[in-house]
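S.K.: Input file: entry.tsv. Contents: TSV, C-alpha atoms.
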```
chain	number	residue	atom	x	y	z
A	1	MET	CA	29.77	9.03	22.39
A	2	GLU	CA	31.39	7.21	19.52
A	3	LYS	CA	28.14	5.39	18.81
A	4	LEU	CA	26.18	8.65	18.85
A	5	GLN	CA	28.56	10.14	16.34
A	6	LEU	CA	28.22	7.16	14.06
A	7	LEU	CA	24.42	7.24	14.36
A	8	ALA	CA	24.37	10.96	13.60
A	9	MET	CA	26.53	10.46	10.53
A	10	ILE	CA	24.33	7.69	9.16
A	11	GLN	CA	21.18	9.72	9.78
A	12	ALA	CA	22.65	12.85	8.24
A	13	TYR	CA	23.60	11.13	5.01
A	14	THR	CA	20.30	9.26	4.93
A	15	SER	CA	18.42	12.55	5.19
A	16	ILE	CA	20.39	13.99	2.28
A	17	GLY	CA	19.60	10.83	0.33
A	18	ILE	CA	15.89	11.12	1.12
A	19	GLY	CA	15.86	14.74	0.00
A	20	LEU	CA	17.56	13.86	-3.29
A	21	MET	CA	15.25	10.90	-3.91
A	22	ILE	CA	12.10	12.94	-3.44
A	23	GLY	CA	13.39	16.12	-5.07
A	24	VAL	CA	14.94	14.69	-8.22
A	25	GLY	CA	12.06	12.23	-8.59
A	26	ALA	CA	9.55	15.05	-8.35
A	27	ALA	CA	11.49	17.07	-10.94
A	28	GLY	CA	11.45	14.17	-13.40
A	29	ALA	CA	7.78	13.37	-12.83
A	30	CYS	CA	6.64	16.97	-13.11
A	31	ILE	CA	8.63	17.64	-16.29
A	32	GLY	CA	7.24	14.47	-17.84
A	33	VAL	CA	3.66	15.28	-16.88
A	34	GLY	CA	4.14	18.85	-18.11
A	35	VAL	CA	5.30	17.68	-21.55
A	36	MET	CA	2.44	15.20	-21.84
A	37	CYS	CA	-0.23	17.68	-20.76
A	38	SER	CA	1.07	20.38	-23.10
A	39	ARG	CA	0.67	17.95	-25.99
A	40	PHE	CA	-2.82	17.12	-24.78
A	41	LEU	CA	-3.81	20.78	-24.70
A	42	GLU	CA	-2.39	21.26	-28.17
A	43	ALA	CA	-4.31	18.25	-29.48
A	44	ALA	CA	-7.51	19.42	-27.77
A	45	ALA	CA	-7.13	22.81	-29.42
A	46	ARG	CA	-6.60	21.25	-32.83
A	47	GLN	CA	-9.36	18.63	-32.59
A	48	PRO	CA	-11.83	19.46	-29.82
A	49	GLU	CA	-13.98	16.41	-30.58
A	50	LEU	CA	-11.18	14.12	-29.35
A	51	THR	CA	-10.95	15.83	-25.96
A	52	ASN	CA	-12.94	13.22	-24.04
A	53	SER	CA	-11.16	10.15	-25.34
A	54	LEU	CA	-7.77	11.80	-24.98
A	55	GLN	CA	-8.60	12.88	-21.43
A	56	ALA	CA	-9.07	9.27	-20.29
A	57	LYS	CA	-5.67	8.42	-21.79
A	58	VAL	CA	-4.11	11.45	-20.11
A	59	PHE	CA	-5.17	10.21	-16.69
A	60	LEU	CA	-3.88	6.74	-17.40
A	61	LEU	CA	-0.50	8.06	-18.57
A	62	LEU	CA	-0.38	10.39	-15.54
A	63	GLY	CA	-0.46	7.39	-13.27
A	64	LEU	CA	2.19	5.59	-15.28
A	65	ILE	CA	4.55	8.59	-15.32
A	66	ASP	CA	4.06	9.16	-11.59
A	67	ALA	CA	4.87	5.53	-10.80
A	68	SER	CA	8.65	5.76	-10.45
A	69	PHE	CA	8.38	8.93	-8.43
A	70	ILE	CA	5.87	7.45	-6.00
A	71	ILE	CA	7.95	4.31	-5.64
A	72	GLY	CA	10.88	6.60	-4.82
A	73	VAL	CA	8.79	8.45	-2.22
A	74	GLY	CA	7.75	5.14	-0.67
A	75	LEU	CA	11.40	4.05	-0.46
A	76	ALA	CA	12.38	7.44	0.98
A	77	MET	CA	9.68	7.10	3.66
A	78	MET	CA	11.02	3.67	4.50
A	79	PHE	CA	14.49	5.17	4.98
A	80	ALA	CA	13.00	7.98	7.07
A	81	PHE	CA	11.14	5.80	9.54
A	82	ALA	CA	12.64	2.32	9.41
A	83	ASN	CA	16.19	2.94	8.26
A	84	PRO	CA	17.85	-0.42	7.57
A	85	LEU	CA	21.27	1.26	7.38
A	86	LEU	CA	21.17	1.84	11.14
A	87	ALA	CA	21.33	-1.90	11.75
A	88	VAL	CA	25.07	-1.92	11.08
A	89	ILE	CA	25.69	-0.27	14.46
A	90	PRO	CA	25.53	-2.87	17.20
A	91	LYS	CA	23.13	-2.14	20.04
B	1	MET	CA	0.68	2.62	25.84
B	2	ALA	CA	-2.54	4.35	26.83
B	3	ALA	CA	-4.97	4.97	24.02
B	4	GLY	CA	-4.28	8.20	22.16
B	5	THR	CA	-0.98	9.04	23.82
B	6	TYR	CA	2.38	8.48	22.21
B	7	ASN	CA	5.95	9.03	23.36
B	8	SER	CA	7.17	10.85	20.28
B	9	PRO	CA	6.18	11.64	16.67
B	10	SER	CA	8.18	8.66	15.43
B	11	ASP	CA	6.36	6.50	17.91
B	12	TYR	CA	2.99	7.70	16.56
B	13	ILE	CA	4.00	6.94	12.97
B	14	GLN	CA	5.54	3.59	13.89
B	15	HIS	CA	2.40	2.60	15.75
B	16	HIS	CA	0.18	3.42	12.79
B	17	LEU	CA	2.45	1.52	10.40
B	18	THR	CA	2.64	-1.70	12.40
B	19	PHE	CA	0.79	-4.72	11.09
B	20	PHE	CA	-1.25	-7.09	13.21
B	21	SER	CA	0.77	-10.16	12.35
B	22	ARG	CA	0.61	-13.77	13.46
B	23	PRO	CA	3.29	-16.33	12.67
B	24	VAL	CA	2.27	-19.61	11.05
B	25	GLY	CA	5.78	-20.99	10.80
B	26	GLU	CA	9.42	-20.20	11.31
B	27	GLY	CA	10.84	-16.85	10.29
B	28	ALA	CA	9.58	-13.60	8.84
B	29	PHE	CA	8.33	-15.14	5.58
B	30	TRP	CA	5.73	-17.27	7.35
B	31	THR	CA	4.13	-14.36	9.18
B	32	LEU	CA	0.58	-13.51	8.19
B	33	HIS	CA	-0.63	-9.93	8.21
B	34	VAL	CA	-4.03	-10.81	9.60
B	35	ASP	CA	-5.33	-7.23	9.35
B	36	THR	CA	-4.48	-7.05	5.62
B	37	LEU	CA	-6.18	-10.38	4.96
B	38	VAL	CA	-9.32	-9.53	6.94
B	39	MET	CA	-9.75	-6.05	5.46
B	40	GLY	CA	-9.09	-7.39	1.96
B	41	VAL	CA	-11.74	-10.09	2.38
B	42	ILE	CA	-14.20	-7.56	3.81
B	43	ALA	CA	-13.65	-5.19	0.87
B	44	GLY	CA	-13.92	-8.03	-1.66
B	45	VAL	CA	-17.06	-9.55	-0.17
B	46	ALA	CA	-18.70	-6.13	0.13
B	47	GLY	CA	-17.90	-5.12	-3.45
B	48	ILE	CA	-18.37	-8.32	-5.37
B	49	GLY	CA	-21.21	-9.31	-3.07
B	50	PHE	CA	-23.02	-6.06	-3.84
B	51	LEU	CA	-22.60	-6.67	-7.56
B	52	TRP	CA	-23.88	-10.24	-7.22
B	53	TRP	CA	-26.85	-9.13	-5.14
B	54	VAL	CA	-27.89	-6.47	-7.66
B	55	VAL	CA	-27.39	-8.76	-10.65
B	56	ARG	CA	-29.44	-11.46	-8.93
B	57	GLY	CA	-32.47	-9.16	-8.81
B	58	ALA	CA	-31.88	-7.54	-12.19
B	59	THR	CA	-34.84	-6.86	-14.50
B	60	ALA	CA	-34.90	-6.35	-18.25
B	61	GLY	CA	-37.58	-3.69	-17.86
B	62	VAL	CA	-37.06	-0.30	-16.25
B	63	PRO	CA	-34.07	-0.64	-13.86
B	64	ASN	CA	-34.05	0.79	-10.37
B	65	ARG	CA	-31.21	3.07	-9.28
B	66	ARG	CA	-29.02	0.28	-7.91
B	67	GLN	CA	-29.21	-1.68	-11.13
B	68	ALA	CA	-28.60	1.47	-13.17
B	69	PHE	CA	-25.48	2.17	-11.11
B	70	VAL	CA	-24.12	-1.33	-11.66
B	71	GLU	CA	-24.96	-1.10	-15.36
B	72	LEU	CA	-23.07	2.20	-15.48
B	73	ALA	CA	-19.99	0.63	-13.93
B	74	PHE	CA	-20.26	-2.38	-16.22
B	75	GLU	CA	-20.59	-0.15	-19.30
B	76	PHE	CA	-17.55	1.90	-18.24
B	77	ILE	CA	-15.35	-1.16	-17.76
B	78	THR	CA	-16.50	-2.81	-20.98
B	79	SER	CA	-15.86	0.31	-23.06
B	80	GLN	CA	-12.36	0.69	-21.60
B	81	ALA	CA	-11.55	-2.99	-22.15
B	82	LYS	CA	-12.96	-2.90	-25.69
B	83	SER	CA	-10.66	-0.03	-26.61
B	84	ILE	CA	-7.63	-2.15	-25.70
B	85	PHE	CA	-8.50	-5.82	-26.23
B	86	HIS	CA	-9.06	-6.75	-29.86
B	87	HIS	CA	-8.35	-10.47	-29.78
B	88	GLY	CA	-11.78	-12.04	-29.53
B	89	ASP	CA	-14.62	-12.21	-27.08
B	90	LEU	CA	-13.72	-10.04	-24.12
B	91	ASN	CA	-16.82	-11.02	-22.19
B	92	ARG	CA	-15.41	-14.47	-21.54
B	93	PHE	CA	-12.50	-13.52	-19.34
B	94	VAL	CA	-11.03	-10.06	-19.81
B	95	ALA	CA	-14.03	-7.86	-18.99
B	96	PRO	CA	-15.12	-9.80	-15.87
B	97	THR	CA	-11.53	-9.83	-14.61
B	98	ALA	CA	-11.25	-6.11	-15.23
B	99	LEU	CA	-14.52	-5.44	-13.38
B	100	ALA	CA	-13.52	-7.60	-10.41
B	101	VAL	CA	-10.05	-6.06	-10.20
B	102	PHE	CA	-11.39	-2.52	-10.47
B	103	VAL	CA	-14.13	-2.93	-7.87
B	104	TRP	CA	-11.95	-4.82	-5.41
B	105	VAL	CA	-8.88	-2.56	-5.69
B	106	MET	CA	-11.00	0.59	-5.48
B	107	LEU	CA	-12.77	-0.62	-2.34
B	108	MET	CA	-9.48	-1.66	-0.75
B	109	ASN	CA	-8.01	1.74	-1.58
B	110	ALA	CA	-11.16	3.48	-0.33
B	111	LEU	CA	-10.58	2.04	3.15
B	112	ASP	CA	-7.98	4.82	3.35
B	113	PHE	CA	-10.82	7.30	3.87
B	114	LEU	CA	-11.46	5.98	7.38
B	115	PRO	CA	-9.81	8.31	9.93
B	116	VAL	CA	-6.94	6.36	11.38
B	117	ASP	CA	-6.98	7.70	14.94
B	118	ILE	CA	-10.72	7.17	15.49
B	119	MET	CA	-10.46	3.65	14.02
B	120	ALA	CA	-7.44	2.92	16.22
B	121	TRP	CA	-9.39	4.05	19.30
B	122	ALA	CA	-12.44	1.95	18.28
B	123	LEU	CA	-10.33	-1.11	17.50
B	124	GLY	CA	-8.43	-0.60	20.73
B	125	LEU	CA	-11.72	-1.02	22.58
B	126	VAL	CA	-11.97	-4.59	21.23
B	127	GLY	CA	-8.34	-5.29	22.03
B	128	LEU	CA	-6.76	-4.85	18.58
B	129	HIS	CA	-4.01	-2.38	19.32
B	130	GLU	CA	-2.25	-2.64	15.97
B	131	TRP	CA	-4.47	-2.83	12.91
B	132	ARG	CA	-3.69	-1.47	9.47
B	133	LEU	CA	-6.88	-0.58	7.64
B	134	VAL	CA	-5.69	-0.37	4.03
B	135	PRO	CA	-4.77	-3.74	2.47
B	136	THR	CA	-3.22	-2.16	-0.62
B	137	ALA	CA	-0.79	-0.22	1.58
B	138	ASP	CA	0.75	-3.63	2.31
B	139	VAL	CA	3.25	-4.67	-0.34
B	140	ASN	CA	2.08	-8.28	0.02
B	141	THR	CA	-1.41	-7.49	-1.30
B	142	THR	CA	-0.24	-5.56	-4.34
B	143	PHE	CA	2.35	-8.19	-5.18
B	144	ALA	CA	-0.29	-10.92	-4.83
B	145	LEU	CA	-2.54	-9.08	-7.29
B	146	ALA	CA	0.30	-8.29	-9.71
B	147	LEU	CA	1.73	-11.81	-9.61
B	148	SER	CA	-1.75	-13.24	-10.27
B	149	VAL	CA	-2.02	-11.01	-13.35
B	150	TRP	CA	1.50	-12.09	-14.34
B	151	LEU	CA	0.54	-15.77	-14.12
B	152	ILE	CA	-2.61	-15.07	-16.16
B	153	MET	CA	-0.40	-13.34	-18.74
B	154	ILE	CA	1.94	-16.34	-18.98
B	155	TYR	CA	-1.04	-18.71	-19.20
B	156	PHE	CA	-2.52	-16.79	-22.12
B	157	ASN	CA	0.87	-16.57	-23.81
B	158	ILE	CA	1.10	-20.35	-23.78
B	159	ALA	CA	-2.59	-20.94	-24.56
B	160	VAL	CA	-2.62	-18.64	-27.62
B	161	LYS	CA	0.83	-19.36	-29.06
B	162	GLY	CA	1.56	-22.83	-27.77
B	163	PHE	CA	4.51	-23.56	-25.50
B	164	GLY	CA	6.91	-23.84	-28.44
B	165	GLY	CA	5.55	-20.67	-29.99
B	166	TRP	CA	6.06	-18.83	-26.72
B	167	LEU	CA	9.65	-20.00	-26.44
B	168	HIS	CA	10.18	-18.99	-30.07
B	169	GLU	CA	8.88	-15.54	-29.24
B	170	LEU	CA	11.10	-15.29	-26.17
B	171	THR	CA	14.23	-16.11	-28.14
B	172	CYS	CA	13.51	-14.46	-31.48
B	173	ALA	CA	11.61	-11.29	-30.67
B	174	PRO	CA	12.20	-8.38	-30.99
B	175	PHE	CA	15.57	-8.45	-32.69
B	176	GLY	CA	15.12	-11.56	-34.83
B	177	VAL	CA	17.89	-14.08	-35.51
B	178	LYS	CA	19.29	-12.86	-38.85
B	179	PRO	CA	22.20	-12.68	-39.71
B	180	LEU	CA	22.59	-16.35	-38.81
B	181	TRP	CA	26.25	-16.13	-37.87
B	182	ALA	CA	25.27	-13.91	-34.95
B	183	ALA	CA	22.31	-16.10	-33.94
B	184	PRO	CA	23.54	-17.15	-30.47
B	185	LEU	CA	24.31	-13.55	-29.54
B	186	LEU	CA	20.97	-12.34	-30.85
B	187	VAL	CA	19.13	-15.10	-29.00
B	188	LEU	CA	20.89	-13.95	-25.83
B	189	PHE	CA	19.90	-10.34	-26.44
B	190	ASN	CA	16.30	-11.33	-27.12
B	191	LEU	CA	16.17	-13.42	-23.96
B	192	LEU	CA	17.61	-10.60	-21.90
B	193	PHE	CA	15.19	-8.10	-23.37
B	194	ASN	CA	12.21	-10.34	-22.74
B	195	PHE	CA	13.48	-11.24	-19.27
B	196	ILE	CA	13.65	-7.58	-18.29
B	197	GLU	CA	10.17	-7.03	-19.69
B	198	TYR	CA	8.74	-10.02	-17.80
B	199	VAL	CA	10.36	-8.91	-14.54
B	200	SER	CA	9.56	-5.23	-14.78
B	201	LYS	CA	5.85	-5.70	-15.52
B	202	PRO	CA	4.71	-7.24	-12.21
B	203	LEU	CA	7.23	-5.11	-10.27
B	204	SER	CA	5.96	-1.81	-11.61
B	205	HIS	CA	2.34	-2.98	-11.57
B	206	SER	CA	2.45	-3.77	-7.86
B	207	LEU	CA	4.83	-1.10	-6.58
B	208	ARG	CA	2.91	1.71	-8.26
B	209	LEU	CA	-0.25	0.86	-6.31
B	210	PHE	CA	1.66	0.13	-3.10
B	211	GLY	CA	3.74	3.29	-3.31
B	212	ASN	CA	0.73	5.52	-3.87
B	213	MET	CA	-1.23	4.09	-0.93
B	214	TYR	CA	1.73	3.82	1.45
B	215	ALA	CA	3.18	7.24	0.71
B	216	GLY	CA	-0.32	8.74	0.91
B	217	GLU	CA	-0.82	7.26	4.34
B	218	ILE	CA	2.54	8.54	5.60
B	219	ILE	CA	1.86	12.03	4.30
B	220	PHE	CA	-1.51	11.96	6.08
B	221	LEU	CA	0.20	10.96	9.33
B	222	LEU	CA	2.84	13.68	8.96
B	223	LEU	CA	0.24	16.37	8.26
B	224	TRP	CA	-1.87	15.30	11.23
B	225	LEU	CA	1.23	15.32	13.43
B	226	TRP	CA	1.94	18.85	12.29
B	227	ALA	CA	-1.62	19.96	13.07
B	228	ALA	CA	-1.54	18.27	16.48
B	229	HIS	CA	1.79	19.86	17.36
B	230	SER	CA	0.97	23.33	16.17
B	231	THR	CA	1.17	24.66	19.74
B	232	LEU	CA	4.80	23.64	19.92
B	233	THR	CA	6.26	26.17	17.49
B	234	GLY	CA	8.78	27.04	20.18
B	235	GLY	CA	7.53	30.50	20.83
B	236	PHE	CA	8.21	31.73	17.32
B	237	LEU	CA	5.74	34.61	16.89
B	238	GLY	CA	3.90	33.39	20.01
B	239	VAL	CA	0.21	32.63	19.70
B	240	LEU	CA	0.15	33.97	16.14
B	241	GLY	CA	2.73	31.40	15.13
B	242	ASP	CA	0.64	28.63	16.67
B	243	VAL	CA	-2.54	29.78	14.94
B	244	VAL	CA	-0.82	30.10	11.56
B	245	SER	CA	0.75	26.67	11.99
B	246	LEU	CA	-2.62	25.13	12.85
B	247	LEU	CA	-4.38	26.81	9.93
B	248	VAL	CA	-1.73	25.94	7.35
B	249	SER	CA	-1.43	22.32	8.46
B	250	THR	CA	-5.20	21.87	8.49
B	251	ALA	CA	-5.56	23.43	5.05
B	252	LEU	CA	-2.80	21.24	3.65
B	253	GLY	CA	-4.36	18.20	5.30
B	254	LEU	CA	-7.72	18.99	3.72
B	255	GLY	CA	-6.08	19.56	0.34
B	256	TRP	CA	-4.20	16.29	0.54
B	257	ALA	CA	-7.36	14.42	1.58
B	258	ILE	CA	-9.24	15.76	-1.46
B	259	PHE	CA	-6.31	14.94	-3.76
B	260	HIS	CA	-6.14	11.47	-2.27
B	261	ILE	CA	-9.75	10.80	-3.28
B	262	LEU	CA	-8.62	11.27	-6.88
B	263	ILE	CA	-5.56	9.05	-6.31
B	264	VAL	CA	-7.66	6.22	-4.86
B	265	VAL	CA	-9.92	6.04	-7.91
B	266	LEU	CA	-7.12	6.75	-10.39
B	267	GLN	CA	-4.81	4.02	-9.08
B	268	ALA	CA	-7.61	1.44	-9.18
B	269	PHE	CA	-8.38	2.53	-12.77
B	270	ILE	CA	-4.70	2.32	-13.77
B	271	PHE	CA	-4.35	-1.13	-12.17
B	272	MET	CA	-7.39	-2.33	-14.10
B	273	MET	CA	-6.23	-0.82	-17.41
B	274	LEU	CA	-2.77	-2.35	-17.08
B	275	THR	CA	-4.33	-5.73	-16.31
B	276	VAL	CA	-6.28	-5.53	-19.57
B	277	VAL	CA	-3.21	-4.26	-21.46
B	278	TYR	CA	-1.01	-7.11	-20.21
B	279	ILE	CA	-3.62	-9.76	-21.06
B	280	SER	CA	-4.09	-8.16	-24.47
B	281	LEU	CA	-0.32	-8.14	-25.09
B	282	ALA	CA	-0.22	-11.83	-24.20
B	283	HIS	CA	-2.66	-12.55	-27.02
B	284	GLU	CA	-0.55	-10.87	-29.66
B	285	HIS	CA	1.10	-12.82	-32.43
B	286	HIS	CA	4.02	-11.53	-34.40
```
Could the structure of this file be written out as structure tokens, please?

M.R.:
Amino acid sequence: MEKLQLLAMIQAYTSIGIGLMIGVGAAGACIGVGVMCSRFLEAAARQPELTNSLQAKVFLLLGLIDASFIIGVGLAMMFAFANPLLAVIPK
Amino acid sequence: MAAGTYNSPSDYIQHHLTFFSRPVGEGAFWTLHVDTLVMGVIAGVAGIGFLWWVVRGATAGVPNRRQAFVELAFEFITSQAKSIFHHGDLNRFVAPTALAVFVWVMLMNALDFLPVDIMAWALGLVGLHEWRLVPTADVNTTFALALSVWLIMIYFNIAVKGFGGWLHELTCAPFGVKPLWAAPLLVLFNLLFNFIEYVSKPLSHSLRLFGNMYAGEIIFLLLWLWAAHSTLTGGFLGVLGDVVSLLVSTALGLGWAIFHILIVVLQAFIFMMLTVVYISLAHEHH
């Protein structure tokens, strides 16, 4: 019973951690991408001839901005399915 | 377990995330992920081999469609590399490296399009019960690629600036060493700054690609689990609940699959662009 309680506690806090990782990461990534894309739209409206070259850069920067968020999601998935924090409880 | 049946959702996900590994020595470090290696070699041979085969039969006259396609890819890579690399002849090393990296990484990523359950059933018929299809969803592959680019970057740093020049840059850029009374402190700051830069480049380079492929695969598995379990809504709204659950999960799965096509190509493109950017930065003098 004691072990079940300890397991439940670890899993509960891990789930909260996973939610925060994905949620706050997504907020940061989306705000960043939003700022960048708004500037792109502004630039495309000012100088339409640059749209194509700027578009390639937009996609590149999209991947760079998303990087930390996706790394966070990968880590969160690792905690969801192969939680190393559970190893502290002896079998 | 029998093919196609699993004890629980976690069991299904765990099974699809287990590598086919063989130890070649003591401990976890000396364990080879044979499936990653084999699929990586298959993707590389297929991609680079196709390019070699087309180039072998290339004509200077009117090209056929295969040659036109390869020329298109070549033109795309060269134009991207030319917009970044301004330090000499990019056809000697930078453009071929960029082409090889782009083709190989994109093919490795594209192995994610194979439906995992059908492939698991087919591979189970030949006795391979655990086989991961996507090499770039293994952190070892992406780190191997990123560390290779890192070593290339260090090589070009030393080749262009000389070993002494490189050390000078490590200790004196970007803050400089004036005023001279603070020189030791400034050297320390410069070293720390450069150290962080040299560590963060391969880390972010590799983990970006790994995270995108790995997280993409897990989201696929979760969506398919949801679709497969849509009859287990627990009686909420009865049959209507089941139908809605099935429709929503299938629609989301389709949406994610289409989005993932973009991610596959985009991540290969980003990996290639960053390779060219890092090599170009290594050529820069101050």

S.K.: Could you list, as a PyMOL selection string, the residues of chain A having an atom within 12 Å of chain B when counting only C-alpha atoms?

M.R.: chain A and resi 22+53+56-78+80-82

S.K.: Between CA of Thr31 (chain B) and CA of Val45 (chain B), what is the distance in Å, rounded to a tenth?

M.R.: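 Distance between the two atoms: 23.7 Å.
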
S.K.: How far is it from CA of Phe175 (chain B) to CA of Phe193 (chain B), in Å with one decimal?

M.R.: 9.3 Å

S.K.: Find the residues near Leu90 (chain B): any atom within 10 Å, counting only C-alpha atoms, skip ones fewer than 4 places away on the same chain, and give them as a PyMOL selection string.

M.R.: chain B and resi 78+81-82+85-86+94-97+276+280

S.K.: Record the distance separating CA of Ala43 (chain B) and CA of Leu221 (chain B), expressed in Å with one decimal.

M.R.: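 Distance between the two atoms: 22.9 Å.
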
S.K.: Would you list the residues near (15.1, -11.3, -34.8), meaning any protein, DNA or RNA residue with an atom at most 12 Å from that point in file coordinates, counting only C-alpha atoms, as a ChimeraX atom specification?

M.R.: /B:168-180,182-191,193,286

S.K.: Find the residues near Val88 (chain A): any atom within 10 Å, counting all atoms listed in the file, skip ones fewer than 3 places away on the same chain, and give them as a ChimeraX atom specification.

M.R.: /A:7,10,84-85,91

S.K.: Output, as JSON, the centre and edge lengths in Å (one decimal) of the axis-aligned box that contains all listed atoms of region 56-69 of chain A with 6 Å of margin on each side.

M.R.:
```
{"center_x": -0.2, "center_y": 8.5, "center_z": -15.1, "size_x": 29.7, "size_y": 17.9, "size_z": 25.4}
```

S.K.: Which residue is closest to Ala120 (chain B)? Choose from B:Asn194, B:His16, B:Val139, B:Val24 and count all atoms listed in the file.

M.R.: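 Closest to Ala120 (chain B), using all atoms listed in the file: B:His16.
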
S.K.: Could you check which of B:Glu217, B:Glu130, B:Glu26, B:Asp35 is closest to Ala110 (chain B), using all atoms listed in the file?

M.R.: B:Glu217

S.K.: Applying 12 Å and all atoms listed in the file, which residues near Leu41 (chain A) remain after dropping the ones on its own chain fewer than 2 positions away? List them as a list in words.

M.R.: Gly34, Val35, Met36, Cys37, Ser38, Arg39, Ala43, Ala44, Ala45, Arg46, Gln47, Pro48, Leu50, Thr51, Asn52, Leu54, Gln55 and Val58 of chain A

S.K.: Quick one: of B:Leu72, B:Leu246, B:Val105, B:Leu223, who's nearest to Thr136 (chain B), counting all atoms listed in the file?

M.R.: B:Val105
